[in-house]
Every structure is written in C-alpha cells, then in structure tokens.
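Q: To be precise about what I am sending: the file is called coords_19.csv and holds CSV, C-alpha atoms.
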```csv
chain,number,residue,atom,x,y,z
B,1,MET,CA,144.2,82.3,56.6
B,2,THR,CA,142.7,81.3,59.9
B,3,LYS,CA,140.6,83.6,62.1
B,4,PRO,CA,142.7,85.5,64.5
B,5,LYS,CA,142.7,84.5,68.2
B,6,LYS,CA,142.2,87.5,70.4
B,7,PHE,CA,142.4,87.9,74.1
B,8,TYR,CA,141.6,91.1,76.0
B,9,SER,CA,142.6,91.1,79.7
B,10,PRO,CA,140.7,93.4,82.0
B,11,ASP,CA,142.3,96.4,83.5
B,12,PHE,CA,144.0,96.7,86.9
B,13,GLY,CA,140.8,98.2,88.4
B,14,GLY,CA,141.1,96.0,91.5
B,15,ARG,CA,140.3,92.8,89.6
B,16,GLY,CA,143.9,91.9,88.6
B,17,LEU,CA,144.7,90.5,85.2
B,18,ASP,CA,143.1,87.5,83.5
B,19,GLU,CA,146.1,85.4,82.5
B,20,SER,CA,144.3,82.5,80.7
B,21,PHE,CA,145.9,83.5,77.4
B,22,LEU,CA,149.2,82.2,78.7
B,23,ASP,CA,148.0,78.7,78.1
B,24,GLN,CA,147.7,79.2,74.4
B,25,CYS,CA,150.7,81.4,73.5
B,26,ASP,CA,154.4,80.8,72.7
B,27,ALA,CA,156.8,80.4,75.6
B,28,ARG,CA,158.6,83.6,74.5
B,29,ILE,CA,155.3,85.6,74.9
B,30,VAL,CA,154.9,84.1,78.4
B,31,ALA,CA,158.5,85.1,79.3
B,32,PHE,CA,157.9,88.6,78.0
B,33,TYR,CA,154.6,89.0,79.9
B,34,GLN,CA,156.2,87.7,83.1
B,35,MET,CA,159.0,90.3,82.8
B,36,TRP,CA,156.5,93.1,82.2
B,37,LYS,CA,154.3,91.9,85.1
B,38,SER,CA,157.4,91.9,87.4
B,39,LYS,CA,157.5,95.6,86.9
B,40,CYS,CA,153.9,96.2,88.0
B,41,LYS,CA,154.5,97.2,91.6
B,42,ASP,CA,151.4,97.7,93.8
B,43,ASP,CA,149.1,96.8,90.9
B,44,THR,CA,150.1,99.8,88.9
B,45,ILE,CA,151.2,100.0,85.3
B,46,PRO,CA,155.0,100.3,84.9
B,47,ALA,CA,156.7,103.2,83.2
B,48,ARG,CA,159.1,102.9,80.2
B,49,SER,CA,161.9,103.9,82.6
B,50,ASP,CA,161.2,100.7,84.6
B,51,PHE,CA,162.7,98.7,81.8
B,52,ASP,CA,166.5,98.4,81.3
B,53,PRO,CA,167.3,97.2,77.8
B,54,ILE,CA,170.1,95.1,79.3
B,55,GLU,CA,167.5,93.1,81.2
B,56,MET,CA,165.5,92.4,78.1
B,57,VAL,CA,168.1,91.7,75.4
B,58,GLU,CA,166.4,88.5,74.4
B,59,PHE,CA,163.2,90.4,73.6
B,60,LEU,CA,164.6,93.5,71.8
B,61,PRO,CA,164.4,92.2,68.2
B,62,GLY,CA,160.6,91.7,68.7
B,63,ILE,CA,159.9,94.8,70.7
B,64,THR,CA,157.9,97.7,69.3
B,65,LEU,CA,157.3,100.9,71.4
B,66,VAL,CA,154.4,103.2,70.4
B,67,ASP,CA,154.0,106.7,71.8
B,68,VAL,CA,150.4,107.7,72.7
B,69,ASP,CA,149.4,111.3,72.4
B,70,THR,CA,147.3,111.4,75.6
B,71,GLU,CA,145.1,114.2,74.2
B,72,THR,CA,144.3,112.9,70.6
B,73,LEU,CA,145.2,109.2,71.1
B,74,ASP,CA,147.3,109.4,67.9
B,75,LEU,CA,149.9,106.7,67.9
B,76,THR,CA,153.5,107.0,66.6
B,77,TYR,CA,156.2,104.3,66.3
B,78,ARG,CA,159.0,105.2,68.7
B,79,LEU,CA,161.1,102.1,68.3
B,80,VAL,CA,160.7,99.0,66.1
B,81,GLY,CA,162.9,96.0,66.7
B,82,THR,CA,165.0,94.3,64.0
B,83,ASN,CA,162.7,91.3,63.7
B,84,GLU,CA,159.7,93.5,63.3
B,85,VAL,CA,161.5,95.6,60.6
B,86,ALA,CA,162.4,92.4,58.7
B,87,VAL,CA,158.8,91.0,58.9
B,88,ARG,CA,157.4,94.4,57.6
B,89,GLY,CA,160.2,94.9,55.0
B,90,LYS,CA,160.7,98.5,56.3
B,91,ASP,CA,161.3,100.5,59.5
B,92,PRO,CA,158.3,102.6,60.4
B,93,THR,CA,160.0,104.3,63.4
B,94,GLY,CA,158.8,107.9,63.6
B,95,ASP,CA,155.7,107.2,61.5
B,96,ARG,CA,152.0,107.2,62.5
B,97,VAL,CA,150.7,103.7,63.3
B,98,LYS,CA,147.5,104.3,61.4
B,99,GLU,CA,149.6,104.7,58.2
B,100,HIS,CA,152.0,101.8,58.7
B,101,PHE,CA,150.3,99.1,60.9
B,102,HIS,CA,151.1,95.5,60.2
B,103,ALA,CA,147.7,93.7,60.5
B,104,THR,CA,144.6,93.0,58.6
B,105,THR,CA,142.6,96.2,59.2
B,106,TRP,CA,143.1,99.5,61.0
B,107,GLU,CA,139.9,98.9,63.0
B,108,ASP,CA,141.3,95.6,64.3
B,109,THR,CA,144.6,97.3,65.1
B,110,TRP,CA,143.0,100.3,66.8
B,111,GLU,CA,140.9,98.0,69.0
B,112,ASN,CA,144.0,96.4,70.3
B,113,TYR,CA,145.6,99.7,71.1
B,114,ARG,CA,142.4,101.2,72.4
B,115,HIS,CA,142.0,98.4,75.0
B,116,ALA,CA,145.6,98.7,76.2
B,117,ILE,CA,145.3,102.5,76.4
B,118,LEU,CA,141.8,103.2,77.7
B,119,ASN,CA,141.3,100.0,79.7
B,120,GLN,CA,144.9,99.8,80.8
B,121,GLY,CA,144.6,96.1,79.8
B,122,ILE,CA,146.7,93.5,78.0
B,123,VAL,CA,145.9,92.2,74.5
B,124,PHE,CA,147.2,89.0,73.0
B,125,ASP,CA,146.6,88.7,69.3
B,126,ASP,CA,147.5,85.7,67.2
B,127,LEU,CA,146.9,85.8,63.5
B,128,ASP,CA,148.3,84.4,60.3
B,129,ILE,CA,149.6,87.3,58.1
B,130,PRO,CA,151.9,87.8,55.2
B,131,ASN,CA,155.5,88.9,55.9
B,132,ALA,CA,157.5,91.3,53.7
B,133,ASN,CA,158.2,88.4,51.3
B,134,GLY,CA,154.5,87.5,51.0
B,135,ILE,CA,154.9,84.3,53.0
B,136,ILE,CA,152.1,83.6,55.5
B,137,VAL,CA,153.5,83.4,59.1
B,138,GLY,CA,151.8,83.0,62.4
B,139,ASP,CA,152.3,86.3,64.2
B,140,GLU,CA,151.7,86.3,68.0
B,141,THR,CA,151.8,89.8,69.6
B,142,ILE,CA,151.2,91.0,73.1
B,143,PHE,CA,150.3,94.6,73.8
B,144,VAL,CA,151.0,96.0,77.3
B,145,PRO,CA,150.4,99.5,78.6
B,146,LEU,CA,153.1,101.8,80.0
B,147,SER,CA,152.5,104.9,82.2
B,148,PRO,CA,154.8,107.4,83.8
B,149,ASP,CA,152.3,107.9,86.7
B,150,GLY,CA,150.8,104.4,86.9
B,151,GLU,CA,147.5,105.6,85.6
B,152,LYS,CA,147.5,107.5,82.2
B,153,VAL,CA,148.9,105.3,79.4
B,154,ASN,CA,151.4,107.3,77.3
B,155,MET,CA,153.1,104.3,75.6
B,156,VAL,CA,152.2,100.8,74.5
B,157,MET,CA,154.9,98.2,74.3
B,158,LEU,CA,154.4,95.2,71.9
B,159,PHE,CA,156.3,92.0,71.7
B,160,SER,CA,155.9,89.8,68.6
B,161,ILE,CA,157.1,86.4,67.6
B,162,GLN,CA,156.7,84.6,64.3
B,163,ARG,CA,156.0,80.9,63.9
B,164,GLU,CA,154.6,78.4,61.4
B,165,PRO,CA,151.1,79.5,60.4
B,166,SER,CA,148.1,77.8,62.0
B,167,LYS,CA,146.7,74.8,60.2
```
What is this file in structure tokens?

A:
Amino acid sequence: MTKPKKFYSPDFGGRGLDESFLDQCDARIVAFYQMWKSKCKDDTIPARSDFDPIEMVEFLPGITLVDVDTETLDLTYRLVGTNEVAVRGKDPTGDRVKEHFHATTWEDTWENYRHAILNQGIVFDDLDIPNANGIIVGDETIFVPLSPDGEKVNMVMLFSIQREPSK
C-alpha cells in the first residue's frame, strides 16, 4: 500500500481555507467541496440543516454523518451512505466511530476528526485500503465540519469515493 496523502486546511479564523488539495483529488470530491463551501455564508461553518438531501442526491451514497458530543468529543455514526456500507461490509450507523472506523489506525482517524472539530478545518485523506472483500481500493475522503451556531462543531460530514489504487 502507498503512503496516505493528507491535507489539513486551516480554520476559518480570518485566513480562509487553503484549497490546494483540489488540484490532486477526484472531481467528485471537488464537486462535494464546492457544494459544502456554497453553504458557508459570511465565512461561517454551515449547519446540517443547511443541506437539503434533494440538492445532494449525487453525493448521498458516499456521505457519512458523524455526531460529535461537544463535551467528551465522542463520535457516533448518524448516517452511513450505501456505498460506504458496501465498502465496509456492514452498516455502523448508531455505533461509536472508535469501534468501527474504516482506516489504518484509530490515531490517524482521530487526527482527521480532531482537525475538523477543534480547528474547524477541512481534511482531505487519500489512502489505499482493503474493502469488505479484501480488495485494495483507493479511498479519497473529505471531512468537513458542521455547526448549528457557526462556531461549535457538533457534526462532521464525510464524503468518500473509491477508485483504482495508487501505483
């Protein structure tokens, strides 16, 4: 397996978002990011309620919504799209992320969520990983924060696509 490519975009803290990762990701990730960014009014993080599933039908199979306990930072799968369930071989909806993450290590997974939650930033993660059938696939995932008040992150939305693994 190749080494994962990681990108951590800074927070909204007046600096805006570094979008250089858009040059290296799949066009579907770019489209998802542009849709999310269109909901960022006045440089604030959008809320879950800003997204209408009808507007995002093309993304729904690759969407994962994760609830964030704002006191403990525990993470729970709220919704896992059909493509994500197929890649994993099970539906972890309602389960704790720490017990059912789909990545190489918990530490790596937590770092992605931590950045999205505490830094209110974006994470682009690209790694080759086995799917439910043991076949190595390229898995590109973008993590974006959601907040009911534009400040405190209470949910992270992920969008993932699978492609041929890196050579």

Q: Which one of B:Gly134, B:His102, B:Phe159, B:Asp139 sits closest to B:Met56 if you count only C-alpha atoms?

A: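 Of all the options, B:Phe159 lies closest to B:Met56.
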
Q: Have a look at atom CA of B:Gly121 and atom CA of B:Phe143 and let me know their distance in Å, one decimal.

A: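 The value is 8.4 Å.
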
Q: Excluding B:Asp74 and its own-chain neighbours fewer than 5 positions away, which residues fall within 10 Å of it when counting only C-alpha atoms? Please give them as an MDAnalysis selection string.

A: chainID B and resid 66:69 96:98

Q: List every protein, DNA or RNA residue that has an atom no more than 10 Å from (164.8, 93.3, 63.7) in the file's coordinate frame, counting only C-alpha atoms, and report them as a PDB file with C-alpha atoms, in the coordinates of the input.

A:
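Wrote point_32.pdb, looks like this:
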```pdb
ATOM      1  CA  LEU B  60     164.600  93.500  71.800  1.00  0.00           C
ATOM      2  CA  PRO B  61     164.400  92.200  68.200  1.00  0.00           C
ATOM      3  CA  GLY B  62     160.600  91.700  68.700  1.00  0.00           C
ATOM      4  CA  ILE B  63     159.900  94.800  70.700  1.00  0.00           C
ATOM      5  CA  THR B  64     157.900  97.700  69.300  1.00  0.00           C
ATOM      6  CA  VAL B  80     160.700  99.000  66.100  1.00  0.00           C
ATOM      7  CA  GLY B  81     162.900  96.000  66.700  1.00  0.00           C
ATOM      8  CA  THR B  82     165.000  94.300  64.000  1.00  0.00           C
ATOM      9  CA  ASN B  83     162.700  91.300  63.700  1.00  0.00           C
ATOM     10  CA  GLU B  84     159.700  93.500  63.300  1.00  0.00           C
ATOM     11  CA  VAL B  85     161.500  95.600  60.600  1.00  0.00           C
ATOM     12  CA  ALA B  86     162.400  92.400  58.700  1.00  0.00           C
ATOM     13  CA  VAL B  87     158.800  91.000  58.900  1.00  0.00           C
ATOM     14  CA  ARG B  88     157.400  94.400  57.600  1.00  0.00           C
ATOM     15  CA  GLY B  89     160.200  94.900  55.000  1.00  0.00           C
ATOM     16  CA  LYS B  90     160.700  98.500  56.300  1.00  0.00           C
ATOM     17  CA  ASP B  91     161.300 100.500  59.500  1.00  0.00           C
TER      18      ASP B  91
END
```

Q: When you draw a straight line from atom CA of B:Gln24 to atom CA of B:Arg48, how long is it in Å?

A: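 Separating atom CA of B:Gln24 from atom CA of B:Arg48 is a distance of 26.9 Å.
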